[in-house]
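Trainee: Have a look at this one.
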Amino acid sequence: MLAHRTTSASILRVNGTHRKTLEKVLTDPVNGNIEWSRIESLLKAAGCRVVEGAGSSVTFEFDGRKMTLH
């Protein structure tokens, strides 16, 4: 139940710009011109914690799960 509350609260922090970014990410094929800062902002607004990786990789952590992007 607590995880559900955390997720619901995180969704409330997503604004119109985040929604537009999400729409672009979910298009098929994905638009390759999405600014990285918009993607990072969307993931943070959704409740992800940023863990800087080695070099240019970045790891996002949410609810014990990790995703590393390069």
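Chain identifiers are assigned as A, B, and so on, following the order in which chains appear in the structure tokens; residues are numbered from 1 within each chain, and ligands are numbered from 1 in order of appearance.
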Mind listing the strand (DSSP E) residues of chain A, per DSSP on the backbone, as a ChimeraX atom specification?

Mentor: /A:49-52,58-62,65-69

Trainee: Please provide the set of residues having any atom within 9 Å of Val25 (chain A), restricted to only C-alpha atoms, with same-chain residues fewer than 5 positions apart removed, written as number ranges by chain.

Mentor: A: 20, 30-32, 34, 39

Trainee: DSSP on the backbone, alpha helix (DSSP H) only: what residues of chain A does that give? Format it as an NGL selection string.

Mentor: :A and (2-12 or 16-26 or 36-45)

Trainee: Quick one: write out the picked residues with N, CA and C atoms as a JSON list (two decimals), in the first residue's frame?

Mentor:
[["chain", "number", "residue", "atom", "x", "y", "z"],
["A", 2, "LEU", "N", 1.94, 1.25, 0.76],
["A", 2, "LEU", "CA", 2.83, 2.41, 0.82],
["A", 2, "LEU", "C", 3.44, 2.70, -0.55],
["A", 3, "ALA", "N", 3.87, 1.66, -1.27],
["A", 3, "ALA", "CA", 4.46, 1.86, -2.59],
["A", 3, "ALA", "C", 3.44, 2.52, -3.52],
["A", 4, "HIS", "N", 2.18, 2.13, -3.42],
["A", 4, "HIS", "CA", 1.15, 2.73, -4.26],
["A", 4, "HIS", "C", 1.01, 4.22, -3.96],
["A", 5, "ARG", "N", 1.05, 4.58, -2.70],
["A", 5, "ARG", "CA", 0.96, 5.99, -2.32],
["A", 5, "ARG", "C", 2.13, 6.77, -2.86],
["A", 6, "THR", "N", 3.33, 6.19, -2.76],
["A", 6, "THR", "CA", 4.53, 6.86, -3.28],
["A", 6, "THR", "C", 4.39, 7.10, -4.77],
["A", 7, "THR", "N", 3.94, 6.09, -5.50],
["A", 7, "THR", "CA", 3.79, 6.23, -6.94],
["A", 7, "THR", "C", 2.75, 7.29, -7.27],
["A", 8, "SER", "N", 1.61, 7.27, -6.59],
["A", 8, "SER", "CA", 0.56, 8.25, -6.85],
["A", 8, "SER", "C", 1.04, 9.66, -6.56],
["A", 9, "ALA", "N", 1.77, 9.84, -5.47],
["A", 9, "ALA", "CA", 2.29, 11.16, -5.13],
["A", 9, "ALA", "C", 3.30, 11.61, -6.17],
["A", 10, "SER", "N", 4.10, 10.70, -6.70],
["A", 10, "SER", "CA", 5.09, 11.03, -7.71],
["A", 10, "SER", "C", 4.43, 11.50, -8.99],
["A", 11, "ILE", "N", 3.35, 10.86, -9.36],
["A", 11, "ILE", "CA", 2.65, 11.22, -10.59],
["A", 11, "ILE", "C", 2.13, 12.66, -10.50],
["A", 12, "LEU", "N", 1.77, 13.11, -9.33],
["A", 12, "LEU", "CA", 1.25, 14.45, -9.16],
["A", 12, "LEU", "C", 2.30, 15.52, -9.46],
["A", 16, "GLY", "N", 2.90, 19.64, -17.35],
["A", 16, "GLY", "CA", 2.60, 19.58, -18.78],
["A", 16, "GLY", "C", 3.82, 19.32, -19.65],
["A", 17, "THR", "N", 4.94, 19.91, -19.30],
["A", 17, "THR", "CA", 6.17, 19.67, -20.06],
["A", 17, "THR", "C", 6.59, 18.22, -19.94],
["A", 18, "HIS", "N", 6.46, 17.67, -18.73],
["A", 18, "HIS", "CA", 6.80, 16.26, -18.53],
["A", 18, "HIS", "C", 5.89, 15.36, -19.36],
["A", 19, "ARG", "N", 4.62, 15.70, -19.41],
["A", 19, "ARG", "CA", 3.66, 14.90, -20.18],
["A", 19, "ARG", "C", 4.01, 14.93, -21.67],
["A", 20, "LYS", "N", 4.41, 16.09, -22.18],
["A", 20, "LYS", "CA", 4.81, 16.20, -23.58],
["A", 20, "LYS", "C", 6.06, 15.37, -23.85],
["A", 21, "THR", "N", 6.99, 15.39, -22.92],
["A", 21, "THR", "CA", 8.21, 14.58, -23.07],
["A", 21, "THR", "C", 7.85, 13.11, -23.09],
["A", 22, "LEU", "N", 6.98, 12.68, -22.19],
["A", 22, "LEU", "CA", 6.56, 11.29, -22.15],
["A", 22, "LEU", "C", 5.88, 10.88, -23.45],
["A", 23, "GLU", "N", 5.05, 11.74, -24.00],
["A", 23, "GLU", "CA", 4.40, 11.44, -25.28],
["A", 23, "GLU", "C", 5.45, 11.22, -26.37],
["A", 24, "LYS", "N", 6.50, 12.05, -26.39],
["A", 24, "LYS", "CA", 7.56, 11.90, -27.39],
["A", 24, "LYS", "C", 8.32, 10.60, -27.20],
["A", 25, "VAL", "N", 8.58, 10.24, -25.94],
["A", 25, "VAL", "CA", 9.32, 9.00, -25.65],
["A", 25, "VAL", "C", 8.50, 7.78, -26.08],
["A", 26, "LEU", "N", 7.18, 7.87, -25.93],
["A", 26, "LEU", "CA", 6.31, 6.73, -26.22],
["A", 26, "LEU", "C", 5.88, 6.62, -27.68],
["A", 36, "TRP", "N", 18.08, 15.60, -23.48],
["A", 36, "TRP", "CA", 18.35, 14.74, -22.33],
["A", 36, "TRP", "C", 17.82, 15.36, -21.04],
["A", 37, "SER", "N", 17.95, 16.66, -20.89],
["A", 37, "SER", "CA", 17.51, 17.32, -19.67],
["A", 37, "SER", "C", 16.01, 17.13, -19.44],
["A", 38, "ARG", "N", 15.23, 17.05, -20.52],
["A", 38, "ARG", "CA", 13.78, 16.82, -20.39],
["A", 38, "ARG", "C", 13.49, 15.41, -19.91],
["A", 39, "ILE", "N", 14.24, 14.45, -20.39],
["A", 39, "ILE", "CA", 14.05, 13.06, -19.95],
["A", 39, "ILE", "C", 14.44, 12.92, -18.49],
["A", 40, "GLU", "N", 15.57, 13.49, -18.12],
["A", 40, "GLU", "CA", 16.03, 13.43, -16.74],
["A", 40, "GLU", "C", 15.03, 14.12, -15.80],
["A", 41, "SER", "N", 14.50, 15.25, -16.22],
["A", 41, "SER", "CA", 13.51, 15.97, -15.42],
["A", 41, "SER", "C", 12.24, 15.14, -15.24],
["A", 42, "LEU", "N", 11.81, 14.47, -16.30],
["A", 42, "LEU", "CA", 10.62, 13.62, -16.23],
["A", 42, "LEU", "C", 10.83, 12.48, -15.23],
["A", 43, "LEU", "N", 11.97, 11.82, -15.30],
["A", 43, "LEU", "CA", 12.23, 10.69, -14.40],
["A", 43, "LEU", "C", 12.33, 11.15, -12.95],
["A", 44, "LYS", "N", 12.94, 12.31, -12.72],
["A", 44, "LYS", "CA", 13.01, 12.85, -11.36],
["A", 44, "LYS", "C", 11.62, 13.19, -10.84],
["A", 45, "ALA", "N", 10.79, 13.80, -11.69],
["A", 45, "ALA", "CA", 9.43, 14.16, -11.29],
["A", 45, "ALA", "C", 8.60, 12.92, -10.98]]

Trainee: Quick check, in Å to one decimal: how far apart do CA of Ser56 (chain A) and CA of Asn33 (chain A) lie?

Mentor: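 It comes out at 17.8 Å.
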
Trainee: How many Å separate CA of Met67 (chain A) from CA of Ala46 (chain A)?

Mentor: 13.7 Å

Trainee: Pick out the residues sitting within 7 Å of Arg49 (chain A), and hand them over as a list in words; count only C-alpha atoms, and ignore anything fewer than 4 positions along from it in its own chain.

Mentor: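 The filter keeps Lys44, Phe60, Glu61 and Phe62 of chain A.
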
Trainee: Identify, on the basis of only C-alpha atoms, every residue whose closest approach to His70 (chain A) does not exceed 9 Å; exclude the query and any residue fewer than 2 positions from it along the same chain; express the result as a PyMOL selection string.

Mentor: chain A and resi 55-59+68
